[in-house]
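Peer 1: Would you mind keeping the following structure in view while I ask a few things?
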Amino acid sequence: MKRISDEKLIKVQIRDNSEKFVNLRKFCPEIIVKIELESRALQHLKKDECYVRKTVAIKLCAAQKTLQKGLKLLVLDGYRSIEAQRKMHEHFCRQLKRRHPKWSEKKILSFADLFVANPDKITLHSTGGVVDLTICDSKGRQFDMGSEIYLFPENLSAPKKISAIARKNRALLKRCLEKQGFVNYPLEWWHWSYGDAYWAAALKKRHAIYAPASVEKAMPARRKK
């Protein structure tokens, strides 16, 4: 599937359905949750603390049940506050500047926006409808997917660059998630959406059903933090 640009996503209508957020680890204990370090630190999360919309949690539970015995979905990120998303985007821009000192500010920003959503344009993780995930065995050992999660060189997810085993494993992840209505962001094999603007645009829905949410809505127990 061809990537949908931020410019098109901005035009997608959003009618938030006010669906509540749930703690995925508590909602579906069969799934392994191990939040990525940067997101965890920025949001003061426990390692296995992940919030998503309730329907997303239900669908992930259903996807887990389609996997053969001994295989687990491993979720590495879900909801991110807009503030956390902004800091991650800024951090990635600084990394690009160090790596490519001759790049213009425009080129750095354009490239960064491909891999870490710029909340000045669009933010998807902040809706609670996005999860970053992979498949692992019962001991938590991740399947070979051809690349590690959260590495951002060009052509990172290009099938021609990965082995037959990795292609097979990506196909397994794709099969179990698409069956539940999730949509993949094509530059990142691990990034899957349900209910957000990307999902709505990809499936030609009339509108998205999840808008970006505040920390107070997504993590009510952390309201005072």
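By order of appearance in the structure tokens: chains A, B, ..., then residues from 1 within every chain, and ligands from 1 in the order shown.
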Let's see if you can do this: from backbone DSSP, list all alpha helix (DSSP H) residues in range 20-214 of chain A, as a PyMOL selection string.
Peer 2: chain A and resi 24-27+37-43+54-66+82-99+105-115+164-178+197-202
Peer 1: Check which residues of range 166-222 of chain A sit at most 10 Å from range 64-68 of chain A using only C-alpha atoms, and return one row each with the closest pair of atoms and their distance in Å to one decimal, ordered by chain and rising number, as a tab-separated table.
Peer 2:
```
residue	atom	partner	partner_atom	distance
A:Leu172	CA	A:Leu67	CA	8.6
A:Leu173	CA	A:Leu67	CA	9.2
A:Arg175	CA	A:Thr66	CA	9.5
A:Cys176	CA	A:Thr66	CA	6.5
A:Leu177	CA	A:Gln64	CA	9.0
A:Lys179	CA	A:Thr66	CA	9.5
```
Peer 1: Atoms to include: N, CA and C atoms. Write the selected residues as an mmCIF file, in the first residue's frame.
Peer 2:
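Result saved to out_5.cif:
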```
data_model
loop_
_atom_site.group_PDB
_atom_site.id
_atom_site.type_symbol
_atom_site.label_atom_id
_atom_site.label_comp_id
_atom_site.auth_asym_id
_atom_site.auth_seq_id
_atom_site.Cartn_x
_atom_site.Cartn_y
_atom_site.Cartn_z
ATOM 1 N N LEU A 172 2.823 -12.956 8.561
ATOM 2 C CA LEU A 172 2.045 -13.486 9.679
ATOM 3 C C LEU A 172 1.472 -12.351 10.522
ATOM 4 N N LEU A 173 2.304 -11.355 10.827
ATOM 5 C CA LEU A 173 1.837 -10.194 11.588
ATOM 6 C C LEU A 173 0.752 -9.450 10.821
ATOM 7 N N ARG A 175 -1.263 -10.604 8.513
ATOM 8 C CA ARG A 175 -2.475 -11.414 8.387
ATOM 9 C C ARG A 175 -3.337 -11.314 9.650
ATOM 10 N N CYS A 176 -2.718 -11.447 10.804
ATOM 11 C CA CYS A 176 -3.521 -11.474 12.029
ATOM 12 C C CYS A 176 -4.060 -10.093 12.378
ATOM 13 N N LEU A 177 -3.369 -9.026 11.974
ATOM 14 C CA LEU A 177 -3.844 -7.680 12.292
ATOM 15 C C LEU A 177 -4.849 -7.164 11.270
ATOM 16 N N LYS A 179 -6.900 -8.886 9.612
ATOM 17 C CA LYS A 179 -8.148 -9.608 9.850
ATOM 18 C C LYS A 179 -9.017 -8.891 10.879
#
```
Peer 1: As number ranges by chain, please: the residues near Gly78 in chain A (cut-off 7 Å, only C-alpha atoms, same-chain neighbours under 6 positions excluded).
Peer 2: A: 50-52, 125, 128, 130-132
Peer 1: Dump C-alpha atoms for the selected residues as a PDB file, in the first residue's frame?
Peer 2:
```
ATOM      1  CA  CYS A  50       0.293   0.803  27.718  1.00  0.00           C
ATOM      2  CA  TYR A  51      -2.969   2.633  27.020  1.00  0.00           C
ATOM      3  CA  VAL A  52      -5.165   2.215  23.945  1.00  0.00           C
ATOM      4  CA  HIS A 125      -0.240   7.684  18.451  1.00  0.00           C
ATOM      5  CA  GLY A 128      -4.997   5.749  21.247  1.00  0.00           C
ATOM      6  CA  VAL A 130      -2.059   3.139  17.093  1.00  0.00           C
ATOM      7  CA  VAL A 131       0.182   0.366  18.350  1.00  0.00           C
ATOM      8  CA  ASP A 132       3.778  -0.510  17.550  1.00  0.00           C
TER       9      ASP A 132
END
```
Peer 1: CA of Ala84 in chain A and CA of His44 in chain A, how far apart in Å?
Peer 2: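 Those two atoms sit 10.3 Å apart.
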Peer 1: Ranking A:Leu76, A:Ile31, A:Val12, A:Val56 by minimum distance to Gly181 in chain A and counting only C-alpha atoms, which one comes first?
Peer 2: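 Ranked by minimum distance to Gly181 in chain A, first place goes to A:Val56.
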Peer 1: Counting only C-alpha atoms, figure out which residue out of A:Leu124, A:Ile135, A:Ala62, A:Ala171 gets nearest to Tyr210 in chain A.
Peer 2: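 Counting only C-alpha atoms, the residue closest to Tyr210 in chain A is A:Leu124.
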Peer 1: Counting only C-alpha atoms, what is within 10 Å of Thr123 in chain A, bar same-chain residues fewer than 2 positions away, as a list in words?
Peer 2: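 Residues near the query, excluding close chain neighbours: Asp6, Leu9, Ile10, Arg80, Ser81, Ile82, Gln85, Arg86, Val116, Ala117, Asn118, Pro119, Asp120, Lys121, His125, Ser126, Thr127, Asp196, Ala197, Tyr198, Ala211 and Pro212 of chain A.
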Peer 1: State, in Å with one decimal place, the distance from CA of Cys28 in chain A to CA of Tyr185 in chain A.
Peer 2: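 Answer for the CA of Cys28 in chain A to CA of Tyr185 in chain A separation: 23.8 Å.
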Peer 1: Where does DSSP see strand (DSSP E) in chain A, if you list the residues as an MDAnalysis selection string?
Peer 2: chainID A and resid 21:23 32:33 51:53 71:77 130:137 183:184 191:193
Peer 1: Store the residues picked out above in a file with C-alpha atoms, as an mmCIF file, in the first residue's frame.
Peer 2:
```cif
data_model
loop_
_atom_site.group_PDB
_atom_site.id
_atom_site.type_symbol
_atom_site.label_atom_id
_atom_site.label_comp_id
_atom_site.auth_asym_id
_atom_site.auth_seq_id
_atom_site.Cartn_x
_atom_site.Cartn_y
_atom_site.Cartn_z
ATOM 1 C CA PHE A 21 -8.955 4.095 27.103
ATOM 2 C CA VAL A 22 -7.861 0.881 28.809
ATOM 3 C CA ASN A 23 -4.586 -0.453 30.151
ATOM 4 C CA ILE A 32 3.295 -9.051 26.178
ATOM 5 C CA VAL A 33 3.805 -5.319 26.727
ATOM 6 C CA TYR A 51 -2.969 2.633 27.020
ATOM 7 C CA VAL A 52 -5.165 2.215 23.945
ATOM 8 C CA ARG A 53 -8.820 2.636 23.062
ATOM 9 C CA LEU A 71 3.504 -17.168 19.930
ATOM 10 C CA LYS A 72 2.766 -13.779 21.429
ATOM 11 C CA LEU A 73 2.056 -10.283 20.240
ATOM 12 C CA LEU A 74 4.687 -7.980 21.724
ATOM 13 C CA VAL A 75 3.504 -4.372 22.021
ATOM 14 C CA LEU A 76 6.208 -1.726 22.302
ATOM 15 C CA ASP A 77 4.112 1.432 22.259
ATOM 16 C CA VAL A 130 -2.059 3.139 17.093
ATOM 17 C CA VAL A 131 0.182 0.366 18.350
ATOM 18 C CA ASP A 132 3.778 -0.510 17.550
ATOM 19 C CA LEU A 133 4.168 -4.253 17.814
ATOM 20 C CA THR A 134 5.814 -7.438 16.644
ATOM 21 C CA ILE A 135 5.643 -11.169 17.336
ATOM 22 C CA CYS A 136 7.751 -13.091 19.825
ATOM 23 C CA ASP A 137 7.940 -16.569 21.305
ATOM 24 C CA VAL A 183 -4.041 -0.759 8.748
ATOM 25 C CA ASN A 184 -0.264 -0.669 8.416
ATOM 26 C CA HIS A 191 3.081 0.538 13.109
ATOM 27 C CA TRP A 192 -0.623 -0.390 12.926
ATOM 28 C CA SER A 193 -3.684 1.858 13.098
#
```
Peer 1: Using only C-alpha atoms, which residues sit within 8 Å of range 109-114 of chain A once same-chain residues fewer than 3 positions away are excluded, as an MDAnalysis selection string?
Peer 2: chainID A and resid 89 92:93 96 105:106 117:118 187
Peer 1: Using only C-alpha atoms for the distances, tell me which of A:Ala57, A:Ile209, A:Leu42, A:Ile165 is nearest to Lys26 in chain A.
Peer 2: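 Ranked by minimum distance to Lys26 in chain A, first place goes to A:Ala57.
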